[in-house]
file data.pdb (PDB, C-alpha atoms)
MODEL        1
ATOM      1  CA  MET A   1       6.496   8.346  26.152
ATOM      2  CA  MET A   2       3.034   7.411  24.882
ATOM      3  CA  ALA A   3       1.543   8.492  28.203
ATOM      4  CA  SER A   4       2.185  12.098  27.223
ATOM      5  CA  LYS A   5       0.504  11.786  23.822
ATOM      6  CA  ALA A   6      -2.937  13.258  23.162
ATOM      7  CA  VAL A   7      -5.594  12.083  20.704
ATOM      8  CA  ALA A   8      -8.903  13.752  19.843
ATOM      9  CA  ILE A   9     -11.416  11.320  18.350
ATOM     10  CA  PHE A  10     -14.358  12.731  16.408
ATOM     11  CA  GLY A  11     -16.994  10.031  16.117
ATOM     12  CA  CYS A  12     -17.097   7.281  18.746
ATOM     13  CA  GLY A  13     -19.001   4.575  16.941
ATOM     14  CA  SER A  14     -17.591   1.301  15.640
ATOM     15  CA  VAL A  15     -14.480   2.977  14.239
ATOM     16  CA  GLY A  16     -13.801   5.523  16.949
ATOM     17  CA  SER A  17     -14.366   3.075  19.789
ATOM     18  CA  LEU A  18     -11.784   0.655  18.383
ATOM     19  CA  VAL A  19      -9.332   3.505  17.806
ATOM     20  CA  ALA A  20      -9.759   4.768  21.362
ATOM     21  CA  LEU A  21      -9.400   1.434  23.141
ATOM     22  CA  THR A  22      -6.471   0.242  21.051
ATOM     23  CA  LEU A  23      -4.589   3.507  21.603
ATOM     24  CA  ALA A  24      -5.355   3.246  25.312
ATOM     25  CA  ARG A  25      -3.785  -0.219  25.272
ATOM     26  CA  VAL A  26      -0.591   1.082  23.676
ATOM     27  CA  GLY A  27      -0.310   3.694  26.399
ATOM     28  CA  VAL A  28      -1.777   6.945  25.053
ATOM     29  CA  GLY A  29      -2.617   8.975  28.139
ATOM     30  CA  HIS A  30      -4.852  11.845  26.956
ATOM     31  CA  PHE A  31      -8.155  11.544  25.070
ATOM     32  CA  LEU A  32     -10.804  13.964  23.848
ATOM     33  CA  LEU A  33     -13.939  12.065  22.757
ATOM     34  CA  VAL A  34     -16.554  13.825  20.605
ATOM     35  CA  ASP A  35     -19.876  12.246  19.581
ATOM     36  CA  ASN A  36     -23.512  13.162  20.134
ATOM     37  CA  ASP A  37     -24.949   9.642  19.751
ATOM     38  CA  VAL A  38     -26.354   7.266  22.363
ATOM     39  CA  LEU A  39     -25.388   3.597  22.251
ATOM     40  CA  GLU A  40     -28.278   1.478  20.955
ATOM     41  CA  TYR A  41     -28.862  -2.261  20.759
ATOM     42  CA  HIS A  42     -28.172  -2.428  17.024
ATOM     43  CA  ASN A  43     -24.732  -0.871  17.601
ATOM     44  CA  ILE A  44     -23.474  -3.754  19.707
ATOM     45  CA  CYS A  45     -22.592  -6.024  16.775
ATOM     46  CA  ARG A  46     -19.915  -3.507  15.722
ATOM     47  CA  HIS A  47     -19.166  -1.295  18.725
ATOM     48  CA  GLN A  48     -16.525  -1.982  21.362
ATOM     49  CA  CYS A  49     -19.001  -1.296  24.169
ATOM     50  CA  GLY A  50     -21.757  -3.720  25.115
ATOM     51  CA  ILE A  51     -25.299  -4.288  26.245
ATOM     52  CA  HIS A  52     -24.760  -2.910  29.748
ATOM     53  CA  GLU A  53     -23.958   0.507  28.263
ATOM     54  CA  VAL A  54     -27.010   0.758  25.995
ATOM     55  CA  GLY A  55     -28.718   4.094  26.616
ATOM     56  CA  GLU A  56     -25.513   5.891  27.566
ATOM     57  CA  PHE A  57     -23.799   8.471  25.418
ATOM     58  CA  LYS A  58     -21.123   6.687  23.445
ATOM     59  CA  VAL A  59     -18.488   9.097  24.746
ATOM     60  CA  ASP A  60     -19.385   8.286  28.361
ATOM     61  CA  ALA A  61     -19.385   4.526  27.791
ATOM     62  CA  LEU A  62     -16.078   4.743  25.958
ATOM     63  CA  ARG A  63     -14.516   6.907  28.648
ATOM     64  CA  ALA A  64     -15.283   4.217  31.233
ATOM     65  CA  ARG A  65     -13.751   1.541  29.003
ATOM     66  CA  ILE A  66     -10.570   3.605  28.525
ATOM     67  CA  LEU A  67     -10.238   4.054  32.283
ATOM     68  CA  ASP A  68     -10.690   0.298  32.766
ATOM     69  CA  ILE A  69      -7.593  -0.127  30.606
ATOM     70  CA  ASN A  70      -5.625   2.811  31.988
ATOM     71  CA  PRO A  71      -6.974   4.360  35.206
ATOM     72  CA  THR A  72      -4.419   7.164  34.988
ATOM     73  CA  ALA A  73      -5.596   8.359  31.562
ATOM     74  CA  ARG A  74      -7.139  11.796  31.267
ATOM     75  CA  VAL A  75     -10.335  11.640  29.234
ATOM     76  CA  GLU A  76     -12.537  14.601  28.334
ATOM     77  CA  VAL A  77     -15.889  13.993  26.659
ATOM     78  CA  CYS A  78     -18.066  16.233  24.512
ATOM     79  CA  ALA A  79     -21.495  14.760  23.795
ATOM     80  CA  THR A  80     -22.018  16.912  20.735
ATOM     81  CA  LEU A  81     -21.097  17.239  17.070
ATOM     82  CA  ALA A  82     -17.599  18.336  16.087
ATOM     83  CA  GLU A  83     -19.026  21.606  14.787
ATOM     84  CA  TYR A  84     -20.313  22.486  18.276
ATOM     85  CA  VAL A  85     -17.169  21.776  20.270
ATOM     86  CA  GLN A  86     -16.232  24.946  22.130
ATOM     87  CA  LYS A  87     -13.199  26.944  21.032
ATOM     88  CA  GLU A  88     -11.696  26.519  24.488
ATOM     89  CA  SER A  89     -11.521  22.766  23.946
ATOM     90  CA  TRP A  90      -9.877  23.207  20.549
ATOM     91  CA  ASP A  91      -7.361  25.622  22.049
ATOM     92  CA  ARG A  92      -6.542  23.272  24.899
ATOM     93  CA  TRP A  93      -6.379  19.975  23.031
ATOM     94  CA  VAL A  94      -5.292  20.867  19.520
ATOM     95  CA  GLY A  95      -3.602  24.197  20.129
ATOM     96  CA  GLU A  96      -1.701  23.411  23.314
ATOM     97  CA  LYS A  97      -1.436  19.604  23.381
ATOM     98  CA  ARG A  98      -1.123  19.238  19.607
ATOM     99  CA  ALA A  99      -3.440  16.262  19.773
ATOM    100  CA  LEU A 100      -3.638  13.958  16.797
ATOM    101  CA  CYS A 101      -7.185  14.501  15.528
ATOM    102  CA  VAL A 102      -8.806  11.344  14.184
ATOM    103  CA  GLY A 103     -11.928  11.701  12.043
ATOM    104  CA  CYS A 104     -14.100   8.623  12.616
ATOM    105  CA  ALA A 105     -17.501  10.098  11.806
ATOM    106  CA  ASP A 106     -19.831   8.622   9.216
ATOM    107  CA  ASN A 107     -19.667  11.503   6.772
ATOM    108  CA  ARG A 108     -17.064  13.429   4.842
ATOM    109  CA  GLU A 109     -18.355  16.837   5.873
ATOM    110  CA  ALA A 110     -17.331  16.305   9.492
ATOM    111  CA  ASP A 111     -13.838  15.287   8.421
ATOM    112  CA  VAL A 112     -13.500  18.426   6.287
ATOM    113  CA  TYR A 113     -14.459  20.545   9.300
ATOM    114  CA  VAL A 114     -11.999  18.832  11.641
ATOM    115  CA  SER A 115      -9.181  18.837   9.089
ATOM    116  CA  ASP A 116      -9.625  22.565   8.448
ATOM    117  CA  LEU A 117      -9.168  23.243  12.134
ATOM    118  CA  CYS A 118      -6.103  21.008  12.208
ATOM    119  CA  LEU A 119      -4.654  23.179   9.458
ATOM    120  CA  TYR A 120      -5.409  26.268  11.539
ATOM    121  CA  TYR A 121      -3.751  24.822  14.643
ATOM    122  CA  SER A 122      -0.954  23.035  12.747
ATOM    123  CA  ALA A 123      -1.910  19.709  14.321
ATOM    124  CA  PRO A 124      -1.827  16.286  12.617
ATOM    125  CA  PHE A 125      -5.015  14.846  11.145
ATOM    126  CA  LEU A 126      -6.072  11.292  10.304
ATOM    127  CA  SER A 127      -9.330  10.147   8.721
ATOM    128  CA  ILE A 128     -10.687   6.587   8.661
ATOM    129  CA  GLY A 129     -13.830   6.164   6.568
ATOM    130  CA  PHE A 130     -15.844   3.441   4.845
ATOM    131  CA  TRP A 131     -17.606   2.777   1.585
ATOM    132  CA  GLU A 132     -20.793   0.892   0.744
ATOM    133  CA  ARG A 133     -21.407  -2.024   3.129
ATOM    134  CA  ALA A 134     -17.792  -1.573   4.329
ATOM    135  CA  PHE A 135     -16.560  -3.467   1.267
ATOM    136  CA  ALA A 136     -13.661  -1.000   1.351
ATOM    137  CA  GLY A 137     -12.301   1.779   3.501
ATOM    138  CA  GLU A 138     -10.067   4.780   3.110
ATOM    139  CA  ILE A 139      -7.299   6.199   5.250
ATOM    140  CA  PHE A 140      -6.040   9.757   4.825
ATOM    141  CA  TYR A 141      -3.512  11.656   6.906
ATOM    142  CA  TRP A 142      -2.070  15.143   6.953
ATOM    143  CA  LEU A 143       1.007  16.322   8.831
ATOM    144  CA  PRO A 144       1.858  19.951   9.644
ATOM    145  CA  ASP A 145       4.850  21.539   7.906
ATOM    146  CA  SER A 146       4.792  18.764   5.322
ATOM    147  CA  LYS A 147       3.611  20.419   2.054
ATOM    148  CA  MET A 148       0.934  17.722   1.897
ATOM    149  CA  ALA A 149      -2.426  18.225   0.245
ATOM    150  CA  CYS A 150      -5.131  19.077   2.756
ATOM    151  CA  TYR A 151      -8.176  16.839   3.148
ATOM    152  CA  LYS A 152     -10.491  19.307   1.410
ATOM    153  CA  CYS A 153      -8.280  19.398  -1.691
ATOM    154  CA  ALA A 154      -7.861  15.637  -1.770
ATOM    155  CA  LEU A 155     -11.367  14.407  -1.001
ATOM    156  CA  GLY A 156     -13.636  17.192   0.170
ATOM    157  CA  ASP A 157     -15.362  17.876  -3.139
ATOM    158  CA  GLY A 158     -16.771  14.361  -3.326
ATOM    159  CA  SER A 159     -15.566  13.806  -6.897
ATOM    160  CA  PHE A 160     -14.185  10.408  -5.932
ATOM    161  CA  ASP A 161     -16.671   9.274  -3.394
ATOM    162  CA  GLY A 162     -17.566   5.727  -2.563
ATOM    163  CA  ARG A 163     -17.987   6.800   1.025
ATOM    164  CA  ASN A 164     -21.394   6.813   2.657
ATOM    165  CA  SER A 165     -23.003  10.195   3.187
ATOM    166  CA  ALA A 166     -24.276  11.961   6.255
ATOM    167  CA  SER A 167     -27.506  10.780   7.888
ATOM    168  CA  ARG A 168     -27.009   7.132   6.861
ATOM    169  CA  ARG A 169     -25.131   5.330   9.579
ATOM    170  CA  LEU A 170     -25.275   1.720   8.483
ATOM    171  CA  TYR A 171     -22.549   2.002   5.829
ATOM    172  CA  THR A 172     -24.924   1.867   2.927
ATOM    173  CA  THR A 173     -25.850   4.166   0.048
ATOM    174  CA  GLN A 174     -29.446   2.933   0.101
ATOM    175  CA  GLU A 175     -31.646   6.038   0.204
ATOM    176  CA  ASN A 176     -34.541   4.336   1.971
ATOM    177  CA  LEU A 177     -33.244   2.530   5.042
ATOM    178  CA  GLU A 178     -36.525   0.592   5.282
ATOM    179  CA  ASP A 179     -35.344  -1.282   2.186
ATOM    180  CA  VAL A 180     -32.144  -2.397   3.890
ATOM    181  CA  HIS A 181     -32.612  -5.884   5.293
ATOM    182  CA  PHE A 182     -29.110  -6.428   6.645
ATOM    183  CA  GLU A 183     -26.442  -4.800   8.830
ATOM    184  CA  PRO A 184     -24.148  -3.809   5.985
ATOM    185  CA  GLY A 185     -20.824  -3.161   7.725
ATOM    186  CA  ILE A 186     -19.809  -6.170   9.804
ATOM    187  CA  ALA A 187     -17.220  -5.786  12.556
ATOM    188  CA  ALA A 188     -14.656  -8.022  10.827
ATOM    189  CA  ASP A 189     -14.582  -5.699   7.795
ATOM    190  CA  ILE A 190     -14.657  -2.480   9.799
ATOM    191  CA  ASP A 191     -11.969  -3.613  12.219
ATOM    192  CA  PHE A 192      -9.598  -4.748   9.454
ATOM    193  CA  VAL A 193      -9.473  -1.291   7.892
ATOM    194  CA  THR A 194      -9.544   0.508  11.233
ATOM    195  CA  ASN A 195      -6.556  -1.432  12.561
ATOM    196  CA  ILE A 196      -4.483  -0.289   9.593
ATOM    197  CA  GLY A 197      -5.525   3.279  10.391
ATOM    198  CA  ILE A 198      -4.559   2.754  14.039
ATOM    199  CA  LYS A 199      -1.070   1.657  12.987
ATOM    200  CA  VAL A 200      -0.776   4.878  10.990
ATOM    201  CA  ALA A 201      -1.911   6.802  14.089
ATOM    202  CA  ILE A 202       0.770   5.127  16.219
ATOM    203  CA  ASP A 203       3.403   6.005  13.617
ATOM    204  CA  ILE A 204       2.261   9.643  13.592
ATOM    205  CA  LEU A 205       2.316   9.836  17.382
ATOM    206  CA  ASN A 206       5.902   8.580  17.354
ATOM    207  CA  ILE A 207       7.328  10.901  14.719
ATOM    208  CA  GLY A 208      10.586  12.208  16.179
ATOM    209  CA  ASN A 209      10.965   9.244  18.546
ATOM    210  CA  ASP A 210      14.327   7.715  17.592
ATOM    211  CA  GLY A 211      13.571   4.622  19.675
ATOM    212  CA  PHE A 212      10.504   3.728  17.607
ATOM    213  CA  THR A 213      10.514   1.865  14.294
ATOM    214  CA  GLN A 214       7.887   3.209  11.909
ATOM    215  CA  ARG A 215       5.522   0.505  10.626
ATOM    216  CA  LEU A 216       3.486   2.028   7.809
ATOM    217  CA  LEU A 217       4.261   5.697   7.176
ATOM    218  CA  PRO A 218       7.394   4.920   5.116
ATOM    219  CA  GLU A 219       5.377   2.597   2.868
ATOM    220  CA  LEU A 220       1.857   4.040   2.505
ATOM    221  CA  GLN A 221       0.876   7.111   0.535
ATOM    222  CA  GLN A 222      -1.028   9.969   2.129
ATOM    223  CA  TYR A 223      -4.255   8.423   0.814
ATOM    224  CA  THR A 224      -4.761   4.672   1.117
ATOM    225  CA  LEU A 225      -7.647   2.450   0.057
ATOM    226  CA  VAL A 226      -8.165  -0.875   1.805
ATOM    227  CA  CYS A 227     -10.348  -3.512   0.137
ATOM    228  CA  ASN A 228     -12.281  -6.133   2.077
ATOM    229  CA  THR A 229     -13.805  -7.654  -1.057
ATOM    230  CA  ASN A 230     -13.801  -6.807  -4.760
ATOM    231  CA  ASN A 231     -17.061  -8.652  -5.359
ATOM    232  CA  PRO A 232     -19.508  -6.248  -7.100
ATOM    233  CA  ALA A 233     -22.418  -8.162  -5.526
ATOM    234  CA  ILE A 234     -21.390  -6.468  -2.282
ATOM    235  CA  GLY A 235     -19.646  -3.275  -3.337
ATOM    236  CA  GLY A 236     -21.246  -2.526  -6.684
ATOM    237  CA  GLU A 237     -19.247  -1.179  -9.614
ATOM    238  CA  MET A 238     -16.782   0.587  -7.315
ATOM    239  CA  ALA A 239     -15.576  -2.801  -6.057
ATOM    240  CA  GLU A 240     -14.157  -3.536  -9.487
ATOM    241  CA  ILE A 241     -11.404  -0.930  -9.083
ATOM    242  CA  PHE A 242      -9.607  -3.407  -6.811
ATOM    243  CA  SER A 243      -7.553  -6.252  -8.254
ATOM    244  CA  TYR A 244      -8.082  -8.687  -5.403
ATOM    245  CA  PRO A 245      -9.654  -8.952  -1.921
ATOM    246  CA  LEU A 246      -7.643  -7.509   0.982
ATOM    247  CA  GLN A 247      -5.755  -5.218  -1.380
ATOM    248  CA  VAL A 248      -4.051  -2.231   0.294
ATOM    249  CA  THR A 249      -3.079   0.475  -2.186
ATOM    250  CA  THR A 250       0.392   2.013  -2.093
ATOM    251  CA  SER A 251       0.388   4.114  -5.273
ATOM    252  CA  LEU A 252      -2.521   6.573  -5.019
ATOM    253  CA  LYS A 253      -1.415  10.192  -4.840
ATOM    254  CA  VAL A 254      -3.314  13.357  -3.960
ATOM    255  CA  SER A 255      -2.202  16.888  -4.755
ATOM    256  CA  PRO A 256      -3.044  20.384  -3.527
ATOM    257  CA  LEU A 257      -5.489  22.329  -5.648
ATOM    258  CA  PRO A 258      -4.271  25.628  -7.081
ATOM    259  CA  GLY A 259      -5.591  28.528  -5.075
ATOM    260  CA  CYS A 260      -6.243  26.567  -1.880
ATOM    261  CA  ASP A 261      -5.824  28.951   1.050
ATOM    262  CA  CYS A 262      -4.088  26.208   3.030
ATOM    263  CA  CYS A 263      -2.012  24.047   0.736
ATOM    264  CA  GLY A 264      -2.441  25.205  -2.881
ATOM    265  CA  GLU A 265      -0.182  27.464  -4.889
ATOM    266  CA  GLY A 266       0.512  30.506  -2.830
ATOM    267  CA  GLY A 267      -1.314  28.952   0.111
ATOM    268  CA  GLY A 268      -0.109  27.737   3.466
ATOM    269  CA  HIS A 269      -0.864  28.543   7.075
ATOM    270  CA  GLU A 270       1.277  30.717   9.246
TER     271      GLU A 270
ENDMDL
END
call {"tool": "encode", "arguments": {"input": "data.pdb", "output": "structure tokens"}}
result
Amino acid sequence: MMASKAVAIFGCGSVGSLVALTLARVGVGHFLLVDNDVLEYHNICRHQCGIHEVGEFKVDALRARILDINPTARVEVCATLAEYVQKESWDRWVGEKRALCVGCADNREADVYVSDLCLYYSAPFLSIGFWERAFAGEIFYWLPDSKMACYKCALGDGSFDGRNSASRRLYTTQENLEDVHFEPGIAADIDFVTNIGIKVAIDILNIGNDGFTQRLLPELQQYTLVCNTNNPAIGGEMAEIFSYPLQVTTSLKVSPLPGCDCCGEGGGHE
């Protein structure tokens, strides 16, 4: 059954590469990979690809790794930003295949863009993002025909934003990267949060499958925070919102904003 499932991954760095290869291992048979970056030496400490792929587009290196796992998989790559993916690809993958779209980019703006298109196509959306030095991460999902708050209502205004911003790709809020003397987001922290997001993705892909037992969707809220450490020496003041290391929230709730064209009062997509 998983062989017929389709996933579109936007951002193929440390997060997206783990998502792609793990879903390939559980049998997902159709992948759209979107990222404009080239694999560099400093990526290797967190990325699923290695030194022999340095200099390749991340989407190309990841496609080869997926096919090593499942030679029958169908993998389409777009070495560009999500905003520049052609409408034909959106129509084919999200419109026709109803691919689960997974936002794995390093900025919230890209996730807002992808989630808006998921609303348009009535396709499921999942975002996996990280905060300063990957001391914590966030997981957000939206399902069509669910009356859930859209991503823009929940997180798009940046009012609750420990997440790193665009143009800084080392999981740090430091404005001057020359002052950063460490690789802030280590693989152990990134992978811990990402694996929880992957379990959510597997649950979403199996909605309607009576032979599958849901792992996390019955227990987690639409918006989940995952803490690697609550030490303010690593995460700053935001780390203090967590009660203990490795905390996974189950009580946070997000709501539609009044007037939202998609999910607010009087909103909705037809």
call {"tool": "resolve_selection", "arguments": {"input": "data.pdb", "expression": "the PyMOL selection byres ((chain A and resi 50-53) around 12)", "output": "PyMOL selection string"}}
result
chain A and resi 13-14+17+38-49+54-65
call {"tool": "residues_around", "arguments": {"input": "data.pdb", "residues": "A:Val15", "least_positions_apart": "5", "cutoff": "8 Å", "atoms": "only C-alpha atoms", "output": "list in words"}}
result
His47, Cys104, Ile128, Ile190, Asp191 and Thr194 of chain A
call {"tool": "write_last_selection", "arguments": {"input": "data.pdb", "atoms": "C-alpha atoms", "output": "PDB file, keeping the file's coordinate frame"}}
result
ATOM      1  CA  HIS A  47     -19.166  -1.295  18.725  1.00  0.00           C
ATOM      2  CA  CYS A 104     -14.100   8.623  12.616  1.00  0.00           C
ATOM      3  CA  ILE A 128     -10.687   6.587   8.661  1.00  0.00           C
ATOM      4  CA  ILE A 190     -14.657  -2.480   9.799  1.00  0.00           C
ATOM      5  CA  ASP A 191     -11.969  -3.613  12.219  1.00  0.00           C
ATOM      6  CA  THR A 194      -9.544   0.508  11.233  1.00  0.00           C
TER       7      THR A 194
END
call {"tool": "resolve_selection", "arguments": {"input": "data.pdb", "expression": "the PyMOL selection byres ((chain A and resi 111) around 10)", "output": "JSON, numbers by chain"}}
result
{"A": [10, 11, 82, 101, 102, 103, 104, 105, 106, 107, 108, 109, 110, 112, 113, 114, 115, 116, 117, 125, 126, 127, 128, 129, 151, 152, 155, 156]}
call {"tool": "residues_around", "arguments": {"input": "data.pdb", "residues": "A:Pro245", "least_positions_apart": "4", "cutoff": "7 Å", "atoms": "all atoms listed in the file", "output": "PDB file with C-alpha atoms, in the coordinates of the input"}}
result
ATOM      1  CA  CYS A 227     -10.348  -3.512   0.137  1.00  0.00           C
ATOM      2  CA  ASN A 228     -12.281  -6.133   2.077  1.00  0.00           C
ATOM      3  CA  THR A 229     -13.805  -7.654  -1.057  1.00  0.00           C
ATOM      4  CA  ASN A 230     -13.801  -6.807  -4.760  1.00  0.00           C
TER       5      ASN A 230
END
call {"tool": "atom_distance", "arguments": {"input": "data.pdb", "atom1": "atom CA of A:Arg98", "atom2": "atom CA of A:Leu252"}}
result
27.7 Å
call {"tool": "residues_near_point", "arguments": {"input": "data.pdb", "point": "(0.0, 3.6, 16.7)", "cutoff": "10 Å", "atoms": "only C-alpha atoms", "output": "VMD selection string"}}
result
chain A and resid 2 19 22 to 23 26 to 28 195 to 206 214 to 216
call {"tool": "closest_residue", "arguments": {"input": "data.pdb", "among": "A:Val7, A:Leu119, A:Leu81, A:Leu225", "to": "A:Lys97", "atoms": "all atoms listed in the file"}}
result
A:Val7
call {"tool": "residues_around", "arguments": {"input": "data.pdb", "residues": "A:Ala8", "least_positions_apart": "6", "cutoff": "7 Å", "atoms": "all atoms listed in the file", "output": "NGL selection string"}}
result
:A and (31-33 or 99-102)
call {"tool": "atom_distance", "arguments": {"input": "data.pdb", "atom1": "atom CA of A:Cys118", "atom2": "atom CA of A:Pro258"}}
result
19.9 Å
call {"tool": "resolve_selection", "arguments": {"input": "data.pdb", "expression": "the PyMOL selection byres ((chain A and resi 257) around 10)", "output": "VMD selection string"}}
result
chain A and resid 149 to 150 152 to 154 254 to 256 258 to 265 267
call {"tool": "write_last_selection", "arguments": {"input": "data.pdb", "atoms": "C-alpha atoms", "output": "short mmCIF file (atom, residue, chain, number, x, y, z; two decimals), in the coordinates of the input"}}
result
data_model
loop_
_atom_site.label_atom_id
_atom_site.label_comp_id
_atom_site.auth_asym_id
_atom_site.auth_seq_id
_atom_site.Cartn_x
_atom_site.Cartn_y
_atom_site.Cartn_z
CA ALA A 149 -2.43 18.23 0.24
CA CYS A 150 -5.13 19.08 2.76
CA LYS A 152 -10.49 19.31 1.41
CA CYS A 153 -8.28 19.40 -1.69
CA ALA A 154 -7.86 15.64 -1.77
CA VAL A 254 -3.31 13.36 -3.96
CA SER A 255 -2.20 16.89 -4.76
CA PRO A 256 -3.04 20.38 -3.53
CA PRO A 258 -4.27 25.63 -7.08
CA GLY A 259 -5.59 28.53 -5.08
CA CYS A 260 -6.24 26.57 -1.88
CA ASP A 261 -5.82 28.95 1.05
CA CYS A 262 -4.09 26.21 3.03
CA CYS A 263 -2.01 24.05 0.74
CA GLY A 264 -2.44 25.20 -2.88
CA GLU A 265 -0.18 27.46 -4.89
CA GLY A 267 -1.31 28.95 0.11
#
call {"tool": "atom_distance", "arguments": {"input": "data.pdb", "atom1": "atom CA of A:Gly236", "atom2": "atom CA of A:Ala188"}}
result
19.5 Å
call {"tool": "closest_residue", "arguments": {"input": "data.pdb", "among": "A:Cys12, A:Glu237, A:Phe135, A:Phe140", "to": "A:Cys78", "atoms": "only C-alpha atoms"}}
result
A:Cys12
call {"tool": "closest_residue", "arguments": {"input": "data.pdb", "among": "A:Leu21, A:Ala123, A:Ile234, A:Ile69", "to": "A:Glu96", "atoms": "all atoms listed in the file"}}
result
A:Ala123
call {"tool": "decode", "arguments": {"input": "data.pdb", "residues": "stretch 184-199 of chain A", "atoms": "N, CA and C atoms", "output": "mmCIF file, in the first residue's frame"}}
result
data_model
loop_
_atom_site.group_PDB
_atom_site.id
_atom_site.type_symbol
_atom_site.label_atom_id
_atom_site.label_comp_id
_atom_site.auth_asym_id
_atom_site.auth_seq_id
_atom_site.Cartn_x
_atom_site.Cartn_y
_atom_site.Cartn_z
ATOM 1 N N PRO A 184 25.841 24.713 15.165
ATOM 2 C CA PRO A 184 24.850 24.751 16.228
ATOM 3 C C PRO A 184 23.913 23.548 16.292
ATOM 4 N N GLY A 185 23.399 23.067 15.180
ATOM 5 C CA GLY A 185 22.430 21.990 15.221
ATOM 6 C C GLY A 185 23.095 20.656 14.940
ATOM 7 N N ILE A 186 23.361 19.861 15.984
ATOM 8 C CA ILE A 186 24.018 18.582 15.739
ATOM 9 C C ILE A 186 22.991 17.560 15.279
ATOM 10 N N ALA A 187 23.478 16.528 14.581
ATOM 11 C CA ALA A 187 22.589 15.537 13.977
ATOM 12 C C ALA A 187 21.725 14.834 15.017
ATOM 13 N N ALA A 188 22.268 14.548 16.192
ATOM 14 C CA ALA A 188 21.501 13.837 17.216
ATOM 15 C C ALA A 188 20.259 14.621 17.624
ATOM 16 N N ASP A 189 20.386 15.959 17.722
ATOM 17 C CA ASP A 189 19.233 16.789 18.076
ATOM 18 C C ASP A 189 18.255 16.904 16.909
ATOM 19 N N ILE A 190 18.785 17.133 15.729
ATOM 20 C CA ILE A 190 17.931 17.289 14.549
ATOM 21 C C ILE A 190 17.170 16.005 14.257
ATOM 22 N N ASP A 191 17.861 14.877 14.344
ATOM 23 C CA ASP A 191 17.235 13.604 14.000
ATOM 24 C C ASP A 191 16.157 13.206 15.002
ATOM 25 N N PHE A 192 16.347 13.550 16.274
ATOM 26 C CA PHE A 192 15.354 13.206 17.296
ATOM 27 C C PHE A 192 14.011 13.845 16.973
ATOM 28 N N VAL A 193 14.022 15.127 16.685
ATOM 29 C CA VAL A 193 12.779 15.829 16.353
ATOM 30 C C VAL A 193 12.232 15.336 15.018
ATOM 31 N N THR A 194 13.125 15.196 14.031
ATOM 32 C CA THR A 194 12.683 14.802 12.701
ATOM 33 C C THR A 194 12.019 13.436 12.706
ATOM 34 N N ASN A 195 12.538 12.506 13.491
ATOM 35 C CA ASN A 195 11.940 11.169 13.541
ATOM 36 C C ASN A 195 10.523 11.193 14.101
ATOM 37 N N ILE A 196 10.257 12.093 15.033
ATOM 38 C CA ILE A 196 8.877 12.242 15.511
ATOM 39 C C ILE A 196 7.998 12.765 14.381
ATOM 40 N N GLY A 197 8.516 13.742 13.626
ATOM 41 C CA GLY A 197 7.767 14.238 12.472
ATOM 42 C C GLY A 197 7.530 13.160 11.433
ATOM 43 N N ILE A 198 8.506 12.281 11.224
ATOM 44 C CA ILE A 198 8.351 11.196 10.253
ATOM 45 C C ILE A 198 7.241 10.244 10.697
ATOM 46 N N LYS A 199 7.145 9.967 11.984
ATOM 47 C CA LYS A 199 6.073 9.105 12.471
ATOM 48 C C LYS A 199 4.706 9.739 12.220
#
